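*Asks:* Handing over run33.cif, mmCIF, C-alpha atoms.
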```cif
data_entry
#
loop_
_atom_site.label_atom_id
_atom_site.label_comp_id
_atom_site.auth_asym_id
_atom_site.auth_seq_id
_atom_site.Cartn_x
_atom_site.Cartn_y
_atom_site.Cartn_z
CA MET R 1 2.23 6.10 9.16
CA ALA R 2 1.34 2.44 9.43
CA GLU R 3 -1.13 1.15 12.03
CA THR R 4 -0.22 0.74 15.69
CA PRO R 5 1.84 -2.43 16.12
CA VAL R 6 0.23 -5.41 17.83
CA ILE R 7 2.34 -6.38 20.81
CA ILE R 8 1.84 -9.75 22.46
CA ARG R 9 3.33 -10.14 25.92
CA GLU R 10 4.64 -13.39 27.32
CA HIS R 11 1.66 -13.96 29.66
CA GLN R 12 -0.85 -13.25 26.88
CA PHE R 13 0.97 -15.60 24.54
CA GLN R 14 0.86 -18.36 27.17
CA LYS R 15 -2.88 -17.78 27.67
CA ILE R 16 -3.44 -18.03 23.92
CA LYS R 17 -1.35 -21.20 23.75
CA SER R 18 -3.35 -22.86 26.52
CA ALA R 19 -6.68 -21.84 24.96
CA LEU R 20 -5.53 -23.40 21.66
CA ALA R 21 -4.28 -26.54 23.43
CA ARG R 22 -7.63 -26.95 25.15
CA LEU R 23 -9.57 -26.47 21.93
CA CYS R 24 -7.32 -28.93 20.15
CA VAL R 25 -8.11 -31.63 22.72
CA GLU R 26 -11.82 -30.84 23.09
CA ALA R 27 -12.43 -30.71 19.33
CA ALA R 28 -10.23 -33.76 18.70
CA ALA R 29 -8.43 -31.60 16.14
CA ARG R 30 -5.12 -32.26 14.44
CA VAL R 31 -3.88 -28.69 14.85
CA VAL R 32 -5.33 -25.33 15.86
CA PHE R 33 -3.94 -21.97 14.73
CA LEU R 34 -4.55 -18.39 15.71
CA VAL R 35 -3.81 -16.12 12.77
CA ASP R 36 -4.08 -12.38 12.36
CA ARG R 37 -6.48 -11.27 9.59
CA ASP R 38 -3.54 -9.69 7.77
CA GLY R 39 -1.86 -13.09 7.53
CA GLN R 40 0.56 -13.05 10.45
CA PRO R 41 0.67 -16.34 12.38
CA ILE R 42 0.19 -15.74 16.11
CA ALA R 43 0.28 -19.20 17.72
CA PHE R 44 -0.60 -22.82 17.09
CA HIS R 45 -1.03 -26.09 18.94
CA GLY R 46 -1.02 -29.64 17.60
CA GLU R 47 0.62 -31.83 14.99
CA ILE R 48 2.13 -29.66 12.27
CA GLY R 49 4.52 -32.23 10.83
CA GLU R 50 6.14 -30.72 7.75
CA MET R 51 3.44 -28.09 7.32
CA ASP R 52 4.66 -24.59 6.36
CA THR R 53 2.76 -22.68 9.06
CA THR R 54 3.73 -19.21 7.80
CA SER R 55 2.36 -19.87 4.33
CA PHE R 56 -0.68 -21.56 5.85
CA ALA R 57 -1.44 -18.44 7.92
CA SER R 58 -1.06 -16.14 4.95
CA LEU R 59 -3.32 -18.27 2.76
CA ALA R 60 -5.95 -18.63 5.50
CA ALA R 61 -6.08 -14.84 5.83
CA GLY R 62 -6.26 -14.42 2.04
CA ASN R 63 -9.03 -16.97 1.93
CA VAL R 64 -11.12 -15.22 4.58
CA ALA R 65 -10.48 -11.81 3.00
CA ALA R 66 -11.70 -13.12 -0.36
CA THR R 67 -14.80 -14.83 1.04
CA ASN R 68 -15.72 -11.75 3.05
CA SER R 69 -15.51 -9.63 -0.08
CA MET R 70 -17.76 -12.16 -1.78
CA ALA R 71 -20.15 -11.85 1.18
CA LYS R 72 -20.38 -8.10 0.66
CA LEU R 73 -21.14 -8.58 -3.02
CA ILE R 74 -24.22 -10.65 -2.14
CA GLY R 75 -25.33 -8.28 0.61
CA GLU R 76 -23.89 -10.07 3.65
CA ASP R 77 -21.66 -8.17 6.04
CA GLN R 78 -19.22 -11.07 6.40
CA PHE R 79 -19.07 -14.85 6.69
CA PRO R 80 -18.17 -15.40 10.35
CA SER R 81 -16.94 -18.90 9.58
CA VAL R 82 -15.54 -20.76 6.59
CA VAL R 83 -15.39 -24.53 6.10
CA HIS R 84 -13.30 -26.58 3.68
CA GLU R 85 -14.09 -30.29 3.70
CA GLY R 86 -11.57 -32.65 2.22
CA GLU R 87 -11.53 -36.40 1.81
CA ARG R 88 -9.44 -36.88 4.94
CA GLU R 89 -8.43 -33.46 6.28
CA SER R 90 -10.78 -30.52 6.76
CA ILE R 91 -10.45 -26.92 7.87
CA PHE R 92 -12.82 -24.82 9.93
CA ILE R 93 -12.09 -21.09 10.25
CA SER R 94 -13.85 -18.87 12.72
CA VAL R 95 -13.44 -15.08 12.57
CA ILE R 96 -12.80 -13.37 15.92
CA GLY R 97 -12.55 -9.62 15.40
CA ARG R 98 -9.30 -9.09 13.55
CA SER R 99 -8.07 -12.65 14.14
CA LEU R 100 -8.90 -16.08 12.79
CA LEU R 101 -9.16 -19.30 14.73
CA VAL R 102 -8.27 -22.06 12.30
CA VAL R 103 -8.98 -25.70 13.19
CA VAL R 104 -7.53 -28.50 11.06
CA PHE R 105 -9.19 -31.85 11.73
CA ASP R 106 -9.45 -35.31 10.23
CA GLU R 107 -11.69 -38.36 10.55
CA ARG R 108 -11.01 -38.52 14.30
CA SER R 109 -13.43 -35.59 14.68
CA THR R 110 -16.56 -34.20 13.07
CA LEU R 111 -17.54 -30.78 11.76
CA GLY R 112 -20.33 -30.56 14.35
CA LEU R 113 -17.98 -31.15 17.25
CA VAL R 114 -15.39 -28.74 15.86
CA LYS R 115 -18.01 -26.01 15.41
CA LEU R 116 -19.37 -26.50 18.91
CA ARG R 117 -16.00 -26.47 20.67
CA THR R 118 -14.65 -23.63 18.55
CA LYS R 119 -17.62 -21.46 19.42
CA LYS R 120 -16.83 -21.90 23.10
CA ALA R 121 -13.14 -21.19 22.56
CA THR R 122 -13.78 -18.01 20.56
CA PHE R 123 -15.11 -16.27 23.69
CA VAL R 124 -11.94 -17.12 25.62
CA VAL R 125 -9.63 -16.12 22.77
CA ALA R 126 -11.61 -12.94 22.07
CA GLU R 127 -11.14 -11.84 25.67
CA ILE R 128 -7.38 -12.42 25.52
CA LEU R 129 -7.16 -10.55 22.22
CA GLU R 130 -9.09 -7.62 23.65
CA GLY R 131 -6.39 -7.41 26.32
CA VAL R 132 -3.70 -7.56 23.64
CA ALA R 133 -5.35 -4.74 21.66
CA ARG R 134 -5.77 -2.62 24.80
CA ASP R 135 -2.18 -3.08 25.89
CA SER R 136 -0.80 -2.57 22.36
CA ALA R 137 -2.52 0.80 22.14
CA ASP R 138 -1.13 1.69 25.53
CA LEU R 139 2.53 1.02 24.84
CA THR R 140 4.40 1.11 28.13
CA LEU R 141 7.28 3.49 28.55
CA SER R 142 9.90 0.76 28.81
CA GLU R 143 8.68 -0.85 25.58
CA SER R 144 8.55 2.37 23.62
CA SER R 145 12.06 3.20 24.76
CA PHE R 146 13.18 -0.32 23.79
CA PHE R 147 12.20 0.35 20.17
CA ALA R 148 13.47 3.91 20.33
CA GLU R 149 16.86 2.47 21.24
CA ILE R 150 17.11 0.62 17.92
CA THR R 151 19.96 2.40 16.15
CA ASP R 152 20.72 2.89 12.46
CA GLU R 153 23.62 0.47 12.98
CA ASP R 154 21.20 -2.20 14.31
CA ILE R 155 19.10 -1.83 11.18
CA ASP R 156 22.09 -1.73 8.83
CA SER R 157 23.53 -4.87 10.45
CA LEU R 158 20.50 -6.82 9.20
CA PHE R 159 21.64 -6.30 5.64
CA GLY R 160 25.25 -7.32 6.10
CA MET G 1 0.50 -3.98 10.82
CA THR G 2 3.72 -4.84 12.59
CA PHE G 3 3.32 -7.82 14.89
CA ILE G 4 5.62 -8.02 17.89
CA ASN G 5 5.67 -11.21 19.92
CA TYR G 6 7.58 -10.90 23.17
CA ALA G 7 7.23 -14.60 23.93
CA SER G 8 8.84 -15.83 20.73
CA ARG G 9 10.84 -12.57 20.39
CA GLU G 10 9.77 -11.90 16.84
CA ILE G 11 8.90 -8.81 14.83
CA ASN G 12 6.74 -9.54 11.76
CA CYS G 13 6.17 -6.91 9.09
CA LYS G 14 4.27 -6.89 5.80
CA ILE G 15 5.66 -5.41 2.59
CA VAL G 16 3.63 -5.21 -0.61
CA TYR G 17 5.04 -4.91 -4.15
CA TYR G 18 2.59 -2.90 -6.26
CA GLY G 19 2.61 -1.87 -9.90
CA PRO G 20 1.01 -2.36 -13.32
CA GLY G 21 0.65 -5.75 -15.02
CA LEU G 22 3.91 -7.36 -16.17
CA CYS G 23 6.11 -4.71 -14.50
CA GLY G 24 8.17 -7.34 -12.66
CA LYS G 25 6.71 -7.62 -9.16
CA THR G 26 6.78 -11.41 -9.13
CA THR G 27 10.24 -11.34 -10.73
CA ASN G 28 11.48 -9.24 -7.79
CA LEU G 29 10.17 -11.83 -5.33
CA GLN G 30 11.49 -14.71 -7.41
CA TYR G 31 14.96 -13.18 -7.43
CA ILE G 32 14.90 -12.61 -3.66
CA TYR G 33 13.72 -16.18 -3.20
CA ASP G 34 16.40 -17.65 -5.46
CA SER G 35 19.19 -15.64 -3.85
CA THR G 36 18.31 -16.22 -0.20
CA ALA G 37 19.74 -18.98 1.96
CA PRO G 38 17.17 -21.74 2.64
CA GLN G 39 17.17 -21.15 6.40
CA ALA G 40 16.20 -17.49 5.94
CA LYS G 41 13.14 -18.04 3.79
CA GLY G 42 9.90 -19.95 3.66
CA LYS G 43 8.16 -21.19 0.55
CA LEU G 44 7.36 -18.85 -2.31
CA ILE G 45 3.62 -19.22 -2.70
CA SER G 46 2.26 -18.09 -6.03
CA LEU G 47 -1.46 -17.96 -6.68
CA ALA G 48 -1.20 -17.62 -10.43
CA THR G 49 -3.17 -18.39 -13.55
CA GLU G 50 -2.14 -21.13 -15.99
CA THR G 51 -0.16 -18.54 -17.90
CA ASP G 52 1.77 -17.52 -14.77
CA ARG G 53 -0.01 -14.21 -14.32
CA THR G 54 -0.60 -13.46 -10.64
CA LEU G 55 -4.22 -14.19 -9.80
CA PHE G 56 -4.43 -13.27 -6.13
CA PHE G 57 -0.95 -12.77 -4.68
CA ASP G 58 2.58 -14.12 -4.39
CA PHE G 59 3.93 -14.50 -0.90
CA MET G 60 7.22 -15.29 0.74
CA PRO G 61 8.40 -14.91 4.32
CA LEU G 62 11.97 -13.68 4.69
CA GLU G 63 13.97 -13.63 7.89
CA LEU G 64 16.53 -10.87 7.90
CA GLY G 65 18.27 -11.42 11.22
CA THR G 66 18.04 -10.13 14.77
CA VAL G 67 17.56 -6.62 16.08
CA ARG G 68 18.16 -6.30 19.82
CA GLY G 69 17.30 -9.95 20.36
CA PHE G 70 14.17 -9.89 18.19
CA LYS G 71 14.04 -11.96 15.00
CA THR G 72 12.82 -9.72 12.18
CA ARG G 73 10.64 -11.43 9.63
CA PHE G 74 9.31 -9.69 6.55
CA HIS G 75 6.29 -11.06 4.74
CA LEU G 76 6.62 -10.05 1.11
CA TYR G 77 3.50 -9.92 -1.06
CA THR G 78 2.82 -8.94 -4.63
CA VAL G 79 -0.54 -7.88 -6.01
CA PRO G 80 -2.03 -8.88 -9.37
CA GLY G 81 -1.25 -6.00 -11.71
CA GLN G 82 -4.08 -6.31 -14.20
CA VAL G 83 -6.73 -3.63 -13.89
CA TYR G 84 -9.65 -6.04 -13.37
CA TYR G 85 -8.15 -7.62 -10.23
CA ASP G 86 -8.70 -4.50 -8.17
CA ALA G 87 -10.74 -6.24 -5.46
CA SER G 88 -7.80 -8.58 -4.79
CA ARG G 89 -5.32 -5.71 -4.70
CA LYS G 90 -7.37 -3.92 -2.08
CA LEU G 91 -7.39 -7.00 0.16
CA ILE G 92 -3.65 -7.51 -0.01
CA LEU G 93 -2.98 -3.97 1.20
CA LYS G 94 -4.70 -4.76 4.51
CA GLY G 95 -2.27 -4.30 7.38
CA VAL G 96 0.60 -3.28 5.12
CA ASP G 97 3.72 -1.81 6.75
CA GLY G 98 5.62 -0.76 3.62
CA VAL G 99 5.03 -0.51 -0.13
CA VAL G 100 7.34 -0.88 -3.13
CA PHE G 101 5.98 0.54 -6.36
CA VAL G 102 7.55 -1.29 -9.30
CA ALA G 103 7.32 0.90 -12.38
CA ASP G 104 7.83 -0.41 -15.91
CA SER G 105 10.37 1.97 -17.51
CA GLN G 106 9.21 1.35 -21.10
CA GLU G 107 7.68 4.32 -22.85
CA GLU G 108 4.52 2.51 -23.81
CA ARG G 109 3.85 1.55 -20.16
CA MET G 110 3.91 5.10 -18.81
CA ASP G 111 0.13 5.43 -18.74
CA ALA G 112 -0.15 2.05 -17.01
CA ASN G 113 2.34 3.21 -14.34
CA ILE G 114 0.39 6.38 -13.68
CA GLU G 115 -2.90 4.53 -13.53
CA SER G 116 -1.49 1.93 -11.15
CA LEU G 117 0.05 4.56 -8.89
CA TYR G 118 -3.25 6.38 -8.70
CA ASN G 119 -4.93 3.05 -7.94
CA LEU G 120 -2.40 2.42 -5.14
CA GLU G 121 -3.19 5.76 -3.52
CA GLU G 122 -6.90 5.07 -3.73
CA ASN G 123 -6.66 1.54 -2.37
CA LEU G 124 -4.36 2.57 0.45
CA GLU G 125 -6.84 5.23 1.39
CA ALA G 126 -9.62 2.62 1.39
CA GLN G 127 -7.60 0.68 3.99
CA GLY G 128 -7.01 3.80 6.09
CA PHE G 129 -3.45 4.54 4.93
CA ASP G 130 -1.89 7.62 3.42
CA LEU G 131 0.78 7.05 0.77
CA MET G 132 2.48 10.25 1.91
CA LYS G 133 3.03 8.80 5.39
CA ILE G 134 3.65 5.10 4.81
CA PRO G 135 7.17 3.60 4.23
CA TYR G 136 7.50 3.68 0.46
CA VAL G 137 10.10 3.03 -2.25
CA LEU G 138 9.91 3.58 -6.02
CA GLN G 139 11.67 1.05 -8.24
CA LEU G 140 12.21 1.85 -11.92
CA ASN G 141 12.40 -1.60 -13.45
CA LYS G 142 13.38 -2.97 -16.87
CA ARG G 143 16.23 -0.48 -17.31
CA ASP G 144 17.94 -2.91 -19.72
CA LEU G 145 15.29 -2.54 -22.41
CA PRO G 146 15.92 -0.27 -25.41
CA ASN G 147 12.81 1.91 -25.29
CA VAL G 148 13.02 3.17 -21.70
CA ILE G 149 12.16 6.68 -20.53
CA PRO G 150 15.16 8.58 -19.06
CA ILE G 151 15.44 8.28 -15.26
CA ASP G 152 14.91 11.99 -14.55
CA GLU G 153 11.77 12.14 -16.61
CA LEU G 154 10.35 8.94 -15.12
CA SER G 155 11.16 10.00 -11.56
CA ALA G 156 9.64 13.43 -12.08
CA GLU G 157 6.45 11.81 -13.30
CA LEU G 158 6.12 9.07 -10.67
CA LYS G 159 7.80 10.37 -7.52
CA LYS G 160 5.23 11.16 -4.85
CA LYS G 161 7.38 12.43 -2.00
CA GLY G 162 11.04 12.17 -1.04
CA GLU G 163 10.99 8.39 -1.44
CA PRO G 164 14.16 6.48 -2.38
CA VAL G 165 14.24 5.63 -6.10
CA TYR G 166 16.12 2.60 -7.46
CA GLU G 167 16.88 1.58 -11.01
CA ALA G 168 16.42 -2.13 -11.51
CA VAL G 169 16.63 -5.04 -13.87
CA ALA G 170 14.71 -7.57 -11.78
CA THR G 171 15.44 -10.44 -14.17
CA ASN G 172 19.13 -10.33 -13.25
CA GLY G 173 18.65 -8.97 -9.74
CA GLU G 174 20.01 -5.49 -10.33
CA GLY G 175 18.46 -3.12 -7.77
CA VAL G 176 16.25 -5.81 -6.24
CA PHE G 177 17.95 -6.05 -2.86
CA ASP G 178 18.64 -2.30 -2.71
CA THR G 179 14.90 -1.75 -3.06
CA LEU G 180 14.05 -4.32 -0.39
CA LYS G 181 16.62 -2.94 2.03
CA ALA G 182 15.34 0.60 1.56
CA VAL G 183 11.74 -0.31 2.34
CA ALA G 184 12.67 -2.64 5.23
CA LYS G 185 14.81 0.07 6.75
CA GLN G 186 11.96 2.56 6.58
CA VAL G 187 9.58 0.07 8.22
CA LEU G 188 11.97 -0.54 11.12
CA THR G 189 12.66 3.18 11.46
CA GLU G 190 8.92 3.75 11.68
CA LEU G 191 8.73 1.18 14.47
CA ARG G 192 11.46 3.03 16.33
CA LYS G 193 9.46 6.25 16.15
CA GLY G 194 6.56 4.43 17.84
#
```
Hey, can you dump this file as structure tokens for me?

*Replies:*
Amino acid sequence: MAETPVIIREHQFQKIKSALARLCVEAAARVVFLVDRDGQPIAFHGEIGEMDTTSFASLAAGNVAATNSMAKLIGEDQFPSVVHEGERESIFISVIGRSLLVVVFDERSTLGLVKLRTKKATFVVAEILEGVARDSADLTLSESSFFAEITDEDIDSLFG
Amino acid sequence: MTFINYASREINCKIVYYGPGLCGKTTNLQYIYDSTAPQAKGKLISLATETDRTLFFDFMPLELGTVRGFKTRFHLYTVPGQVYYDASRKLILKGVDGVVFVADSQEERMDANIESLYNLEENLEAQGFDLMKIPYVLQLNKRDLPNVIPIDELSAELKKKGEPVYEAVATNGEGVFDTLKAVAKQVLTELRKG
């Protein structure tokens, strides 16, 4: 059996969105993402333009997974943050439990500011995510019956 | 790990294509990508070497449609097949919801299939999964080649449980969607069980 699904409720999603919006403003970032460590995008706030956010999330997770394995090889438990500095755009990734807070910023901000503001935001986001994990483990009756009601026909209809 | 977002009404699942080097994992994804309508898919990301061998993973998001008002999105990954990329393979299995094992039907690849299957079991275990319990499909690929092992013999050797088995020729798409449907169906059925 696979792991317990992560279930994000409307109110939790709104809380996450406002935490990301606040961080985006305070860090003068271009865009802020919350991504699951397995590569699933959870939420974002900011200018995404033409960016493929799904691929971005998957690659960010792959990146952190690879650097953490490198950390173990040199005797570190993990790298709690990862930085990529480009000529114009940069990325700062902060690990929060099983999620990643990813801040994309340009010359309107600085790495120092981004680090400082992200640190503050991680506490807020971590608290919301703890609630998500707690509630996901404690699937309410109405939700479990919602999924139990999925019929074979529902599933078959996906494949035309 | 299935991700359910009530706010955006989305179900996101992760499926990993596993198998020995050059068995056709990337070809499966490439065929799905080429045959899917643009609005149902994202980009096909391939982290490959200069010679097109998968270095870390291939990835493509695929939207299948709506179940009870929830958009179902499958994130398809492949692993690098070569033996020495084991650390990468382990990472990609994190949070997996369903696995497709792509076997190379050619006689001379039998040992590689067995080794890769054993490696899959081991790596799943390292991530806290049990192959016997996870949604799983076996694909016998390259059935168009002359030196293939008969289906019965290959199945008997590689089948782990009562998993669905599909013959395939990934280069022309034969069996590719049947395999995907079978694993996706198992993942959604698992979700229904709770």

*Asks:* For the file shown, report as JSON, numbers by chain the outcome of the PyMOL selection byres ((chain G and resi 175-185) around 7) at residue level.

*Replies:* {"R": [155], "G": [28, 98, 135, 136, 137, 139, 166, 167, 168, 169, 170, 173, 174, 186, 187, 188, 189]}

*Asks:* Give one line per residue of chain R that approaches chain G to at most 9 Å, naming the two atoms of the closest pair and their distance in Å to one decimal, counting all atoms listed in the file; sort by chain then ascending residue number and deliver it as a Markdown table.

*Replies:*
```
| residue | atom | partner | partner_atom | distance |
| --- | --- | --- | --- | --- |
| R:Met1 | CA | G:Ile134 | CA | 4.7 |
| R:Ala2 | CA | G:Asp97 | CA | 5.6 |
| R:Glu3 | CA | G:Met1 | CA | 5.5 |
| R:Thr4 | CA | G:Met1 | CA | 6.8 |
| R:Pro5 | CA | G:Thr2 | CA | 4.7 |
| R:Val6 | CA | G:Phe3 | CA | 4.9 |
| R:Ile7 | CA | G:Ile4 | CA | 4.7 |
| R:Ile8 | CA | G:Asn5 | CA | 4.8 |
| R:Arg9 | CA | G:Tyr6 | CA | 5.1 |
| R:Glu10 | CA | G:Ala7 | CA | 4.4 |
| R:His11 | CA | G:Ala7 | CA | 8.0 |
| R:Gln12 | CA | G:Ala7 | CA | 8.7 |
| R:Phe13 | CA | G:Ala7 | CA | 6.4 |
| R:Gln14 | CA | G:Ala7 | CA | 8.1 |
| R:Arg37 | CA | G:Gly95 | CA | 8.4 |
| R:Asp38 | CA | G:Gly95 | CA | 5.6 |
| R:Gly39 | CA | G:Gly95 | CA | 8.8 |
| R:Gln40 | CA | G:Asn12 | CA | 7.2 |
| R:Ile42 | CA | G:Asn5 | CA | 8.1 |
| R:Asp52 | CA | G:Gly42 | CA | 7.5 |
| R:Thr54 | CA | G:Pro61 | CA | 7.2 |
| R:Ser55 | CA | G:Lys43 | CA | 7.0 |
| R:Ser58 | CA | G:Phe59 | CA | 7.9 |
| R:Leu59 | CA | G:Ile45 | CA | 8.9 |
| R:Gly62 | CA | G:Ile92 | CA | 7.7 |
| R:Ala65 | CA | G:Leu91 | CA | 6.4 |
| R:Ala66 | CA | G:Ser88 | CA | 7.4 |
| R:Ser69 | CA | G:Ala87 | CA | 7.9 |
| R:Leu139 | CA | G:Gly194 | CA | 8.8 |
| R:Ser144 | CA | G:Gly194 | CA | 6.5 |
| R:Ser145 | CA | G:Arg192 | CA | 8.5 |
| R:Phe146 | CA | G:Arg192 | CA | 8.4 |
| R:Phe147 | CA | G:Arg192 | CA | 4.7 |
| R:Ala148 | CA | G:Arg192 | CA | 4.6 |
| R:Glu149 | CA | G:Arg192 | CA | 7.3 |
| R:Ile150 | CA | G:Arg192 | CA | 6.3 |
| R:Thr151 | CA | G:Arg192 | CA | 8.5 |
| R:Asp152 | CA | G:Thr189 | CA | 8.1 |
| R:Asp154 | CA | G:Val67 | CA | 6.0 |
| R:Ile155 | CA | G:Lys185 | CA | 6.5 |
| R:Asp156 | CA | G:Lys185 | CA | 7.8 |
| R:Ser157 | CA | G:Val67 | CA | 8.4 |
| R:Leu158 | CA | G:Gly65 | CA | 5.5 |
| R:Phe159 | CA | G:Lys181 | CA | 7.0 |
```

*Asks:* Specify as a ChimeraX atom specification each residue included when the PyMOL selection byres ((chain G and resi 104) around 6) is applied to this file.

*Replies:* /G:23,103,105-106,141

*Asks:* Where does the PyMOL selection byres ((chain R and resi 115-119) around 8) land in this file, that is, which residues does it pick, as a PyMOL selection string?

*Replies:* chain R and resi 23+26-27+92+94+101+111-114+120-123

*Asks:* Would you compute the distance between atom CA of G:Glu122 and atom CA of R:Ile96? Give it in Å to one decimal.

*Replies:* 27.6 Å

*Asks:* Separation of atom CA of R:His45 and atom CA of R:Ser18, in Å?

*Replies:*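 Here the two named atoms are 8.6 Å from each other.
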
*Asks:* Compare G:Asp86, G:Ala112, G:Lys142, G:Val99 by their minimum atom-to-atom distance to G:Asn172, counting only C-alpha atoms, and give me the closest one.

*Replies:*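 Using only C-alpha atoms, G:Asn172 sits closest to G:Lys142.
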
*Asks:* Could you check how far atom CA of G:Arg89 sits from atom CA of R:Gly75, in Å to one decimal?

*Replies:* 20.9 Å
